[in-house]
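Visitor: Let me begin by handing over the structure; questions about it come next.
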Amino acid sequence: MELKDFLEALFDNGRVQVDFVLVDFKEQELQQATEVLEREFGVRRREFKGEVVAFDPVAALKAAQFMYRATQFVLLRYLKIEDAPAYLQLPEVSNVASELLSIDLSLVFLPDLFHYAKKASPNDELLKILQAAGSRFPLSSVGMKLENDGDTAVKNLLQNRTLGLAYANRIVEHKATDRLGKHERLTELVREIIGQHSKLIWDTLDIEALKS
């Protein structure tokens, strides 16, 4: 399955296939994948609140390749874990909404892959790599426990209102209580989203306990 087909399946139903060997992506394949990513970004852009966010093709493509390679290492057990770091490369963490939201297009599926891998092999060394990626990109990893709480990355997210709202919305959507309680700004955003309808949106959350 080419990268383009992988992404289309990922966005459509999450049922993906990968090649049985690690081969470099061809230039045409990368271009086609970028077009798929840009279309998906256009769909998701409507969810973003705050600033107008542009698509970042470089960041999006880097994350897409990470997810494809990570899926290969999870599914193809004969691949050597020593080779994983060379293939599982993500962009440096930034606080730019266009970059992080473009990365999130495919990296948002990281928790699903992580839990699948953990269930298949709880002591797999690959889990450490996936968890480290989740800690670097907390917006995309809601649903999995962060290594060292991803503190710095979360603080960076919360400096940008668009990113902060996207993160808070995802926490509310997943009812991710493990992400709450440490950052006052995040508490404010979650309370803003829930408003006066906390029992309808998140009935197990003690909204009074979130008051600073």
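Simple scheme: letters A, B, ... for chains in structure tokens order, numbers from 1 for residues in each chain, numbers from 1 for ligands in the order shown.
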Can you tell me which residues surround region 39-50 of chain A at a distance of at most 8 Å, considering only C-alpha atoms, apart from same-chain residues fewer than 4 positions away, and format the answer as number ranges by chain?
Guide: A: 11, 35, 55, 102, 105, 161-162, 165-166
Visitor: Next, dump the selected residues to file, keeping only C-alpha atoms, as a PDB file, in the first residue's frame.
Guide:
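Full text of selection39.pdb as output:
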```
ATOM      1  CA  PHE A  11      -8.776   9.003   7.316  1.00  0.00           C
ATOM      2  CA  GLU A  35      -2.342  16.274  -1.813  1.00  0.00           C
ATOM      3  CA  PHE A  55      -1.512  24.059   5.796  1.00  0.00           C
ATOM      4  CA  SER A 102      -0.734  19.812  10.069  1.00  0.00           C
ATOM      5  CA  LEU A 105      -3.665  15.202  10.682  1.00  0.00           C
ATOM      6  CA  ARG A 161      -5.191  30.209  21.785  1.00  0.00           C
ATOM      7  CA  THR A 162      -5.959  28.205  18.653  1.00  0.00           C
ATOM      8  CA  LEU A 165      -8.620  25.409  22.367  1.00  0.00           C
ATOM      9  CA  ALA A 166      -7.920  22.468  20.065  1.00  0.00           C
TER      10      ALA A 166
END
```
Visitor: Set the distance at 12 Å and use only C-alpha atoms: which residues neighbour Tyr116 (chain A) once local chain neighbours fewer than 2 positions away are removed? I'd like the list as a list in words.
Guide: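 The filter keeps Ala70, Thr71, Val74, Leu75, Phe109, Leu110, Pro111, Asp112, Leu113, Phe114, Lys118, Lys119, Ala120, Ser121, Pro122, Asp124, Leu126, Leu127, Leu130 and Met144 of chain A.
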Visitor: With N, CA and C atoms retained, write the just-selected residues as a JSON list (two decimals), in the first residue's frame.
Guide:
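Saved file part-v3.json follows:
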```
[["chain", "number", "residue", "atom", "x", "y", "z"],
["A", 70, "ALA", "N", 5.85, 3.69, 11.61],
["A", 70, "ALA", "CA", 5.52, 3.15, 12.92],
["A", 70, "ALA", "C", 4.57, 1.97, 12.80],
["A", 71, "THR", "N", 3.63, 2.08, 11.88],
["A", 71, "THR", "CA", 2.69, 0.97, 11.64],
["A", 71, "THR", "C", 3.44, -0.24, 11.10],
["A", 74, "VAL", "N", 5.14, -1.90, 14.02],
["A", 74, "VAL", "CA", 4.18, -2.57, 14.90],
["A", 74, "VAL", "C", 3.69, -3.88, 14.30],
["A", 75, "LEU", "N", 3.41, -3.87, 13.00],
["A", 75, "LEU", "CA", 2.81, -5.04, 12.36],
["A", 75, "LEU", "C", 3.84, -6.07, 11.89],
["A", 109, "PHE", "N", -3.80, 9.70, 15.20],
["A", 109, "PHE", "CA", -4.07, 8.26, 15.27],
["A", 109, "PHE", "C", -2.99, 7.53, 16.08],
["A", 110, "LEU", "N", -2.03, 8.26, 16.61],
["A", 110, "LEU", "CA", -0.96, 7.65, 17.41],
["A", 110, "LEU", "C", -1.49, 6.87, 18.61],
["A", 111, "PRO", "N", -2.43, 7.40, 19.40],
["A", 111, "PRO", "CA", -2.93, 6.62, 20.54],
["A", 111, "PRO", "C", -3.51, 5.26, 20.13],
["A", 112, "ASP", "N", -4.22, 5.21, 19.00],
["A", 112, "ASP", "CA", -4.77, 3.93, 18.54],
["A", 112, "ASP", "C", -3.66, 2.94, 18.24],
["A", 113, "LEU", "N", -2.62, 3.42, 17.57],
["A", 113, "LEU", "CA", -1.49, 2.55, 17.23],
["A", 113, "LEU", "C", -0.76, 2.11, 18.50],
["A", 114, "PHE", "N", -0.59, 3.04, 19.42],
["A", 114, "PHE", "CA", 0.11, 2.74, 20.67],
["A", 114, "PHE", "C", -0.62, 1.63, 21.44],
["A", 118, "LYS", "N", 0.68, -2.07, 22.32],
["A", 118, "LYS", "CA", 0.81, -2.47, 23.73],
["A", 118, "LYS", "C", 0.04, -3.75, 24.02],
["A", 119, "LYS", "N", -1.13, -3.88, 23.42],
["A", 119, "LYS", "CA", -1.93, -5.08, 23.62],
["A", 119, "LYS", "C", -1.24, -6.30, 23.00],
["A", 120, "ALA", "N", -0.61, -6.08, 21.84],
["A", 120, "ALA", "CA", 0.06, -7.19, 21.16],
["A", 120, "ALA", "C", 1.34, -7.61, 21.87],
["A", 121, "SER", "N", 2.07, -6.61, 22.41],
["A", 121, "SER", "CA", 3.35, -6.90, 23.05],
["A", 121, "SER", "C", 3.64, -5.85, 24.12],
["A", 122, "PRO", "N", 3.19, -6.07, 25.35],
["A", 122, "PRO", "CA", 3.29, -5.07, 26.41],
["A", 122, "PRO", "C", 4.69, -4.59, 26.74],
["A", 124, "ASP", "N", 7.21, -4.35, 24.45],
["A", 124, "ASP", "CA", 7.88, -3.98, 23.21],
["A", 124, "ASP", "C", 8.66, -2.68, 23.37],
["A", 126, "LEU", "N", 9.40, -0.71, 21.14],
["A", 126, "LEU", "CA", 8.82, 0.29, 20.26],
["A", 126, "LEU", "C", 7.85, 1.20, 21.01],
["A", 127, "LEU", "N", 7.25, 0.70, 22.07],
["A", 127, "LEU", "CA", 6.31, 1.50, 22.85],
["A", 127, "LEU", "C", 6.97, 2.75, 23.41],
["A", 130, "LEU", "N", 7.02, 5.36, 20.67],
["A", 130, "LEU", "CA", 5.69, 5.91, 20.45],
["A", 130, "LEU", "C", 5.27, 6.82, 21.59],
["A", 144, "MET", "N", -3.52, 8.59, 25.47],
["A", 144, "MET", "CA", -2.41, 7.80, 25.96],
["A", 144, "MET", "C", -1.67, 8.59, 27.04]]
```
Visitor: Please measure the separation of CA of Val108 (chain A) and CA of Gly143 (chain A), giving the value in Å to one decimal.
Guide: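 Between these atoms lies a distance of 9.7 Å.
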Visitor: Expressed in Å to a single decimal, how great is the separation between CA of Leu100 (chain A) and CA of Glu2 (chain A)?
Guide: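 Interatomic distance here is 24.0 Å.
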Visitor: Apply DSSP to the structure's backbone, then extract all residues of region 9-97 of chain A labelled alpha helix (DSSP H) and return them as a short mmCIF file (atom, residue, chain, number, x, y, z; two decimals) with C-alpha atoms, in the first residue's frame.
Guide:
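And here is the file that came out, result07.cif:
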```cif
data_model
loop_
_atom_site.label_atom_id
_atom_site.label_comp_id
_atom_site.auth_asym_id
_atom_site.auth_seq_id
_atom_site.Cartn_x
_atom_site.Cartn_y
_atom_site.Cartn_z
CA ALA A 9 -7.64 4.45 4.47
CA LEU A 10 -6.49 6.00 7.74
CA PHE A 11 -8.78 9.00 7.32
CA ASP A 12 -11.67 6.95 5.97
CA GLU A 27 8.91 11.56 -5.11
CA GLN A 28 5.60 11.11 -6.93
CA GLU A 29 4.28 9.07 -4.02
CA LEU A 30 5.18 11.86 -1.58
CA GLN A 31 3.50 14.45 -3.79
CA GLN A 32 0.31 12.42 -3.98
CA ALA A 33 0.37 11.92 -0.21
CA THR A 34 0.76 15.67 0.30
CA GLU A 35 -2.34 16.27 -1.81
CA VAL A 36 -4.33 13.85 0.36
CA LEU A 37 -3.09 15.59 3.49
CA GLU A 38 -3.99 19.02 2.17
CA ARG A 39 -7.53 17.89 1.35
CA GLU A 40 -7.94 16.46 4.82
CA PHE A 41 -6.62 19.68 6.32
CA GLY A 42 -9.27 21.59 4.41
CA VAL A 43 -11.94 19.40 6.00
CA ARG A 44 -10.58 19.73 9.53
CA PRO A 57 2.97 20.44 3.78
CA VAL A 58 6.46 19.68 5.10
CA ALA A 59 5.32 19.05 8.67
CA ALA A 60 2.23 17.12 7.57
CA LEU A 61 4.22 14.84 5.29
CA LYS A 62 6.87 14.18 7.94
CA ALA A 63 4.22 13.06 10.43
CA ALA A 64 2.46 10.94 7.81
CA GLN A 65 5.70 9.11 7.05
CA PHE A 66 6.23 8.58 10.78
CA MET A 67 2.82 6.97 11.13
CA TYR A 68 3.36 4.73 8.11
CA ARG A 69 6.77 3.57 9.36
CA ALA A 70 5.52 3.15 12.92
CA THR A 71 2.69 0.97 11.64
CA GLN A 72 5.22 -1.13 9.76
CA PHE A 73 7.29 -1.67 12.91
CA VAL A 74 4.18 -2.57 14.90
CA LEU A 75 2.81 -5.04 12.36
CA ALA A 84 13.38 2.14 14.11
CA PRO A 85 14.96 5.48 15.13
CA ALA A 86 16.29 6.03 11.62
CA TYR A 87 12.80 5.68 10.16
CA ALA A 97 -0.42 26.41 14.87
#
```
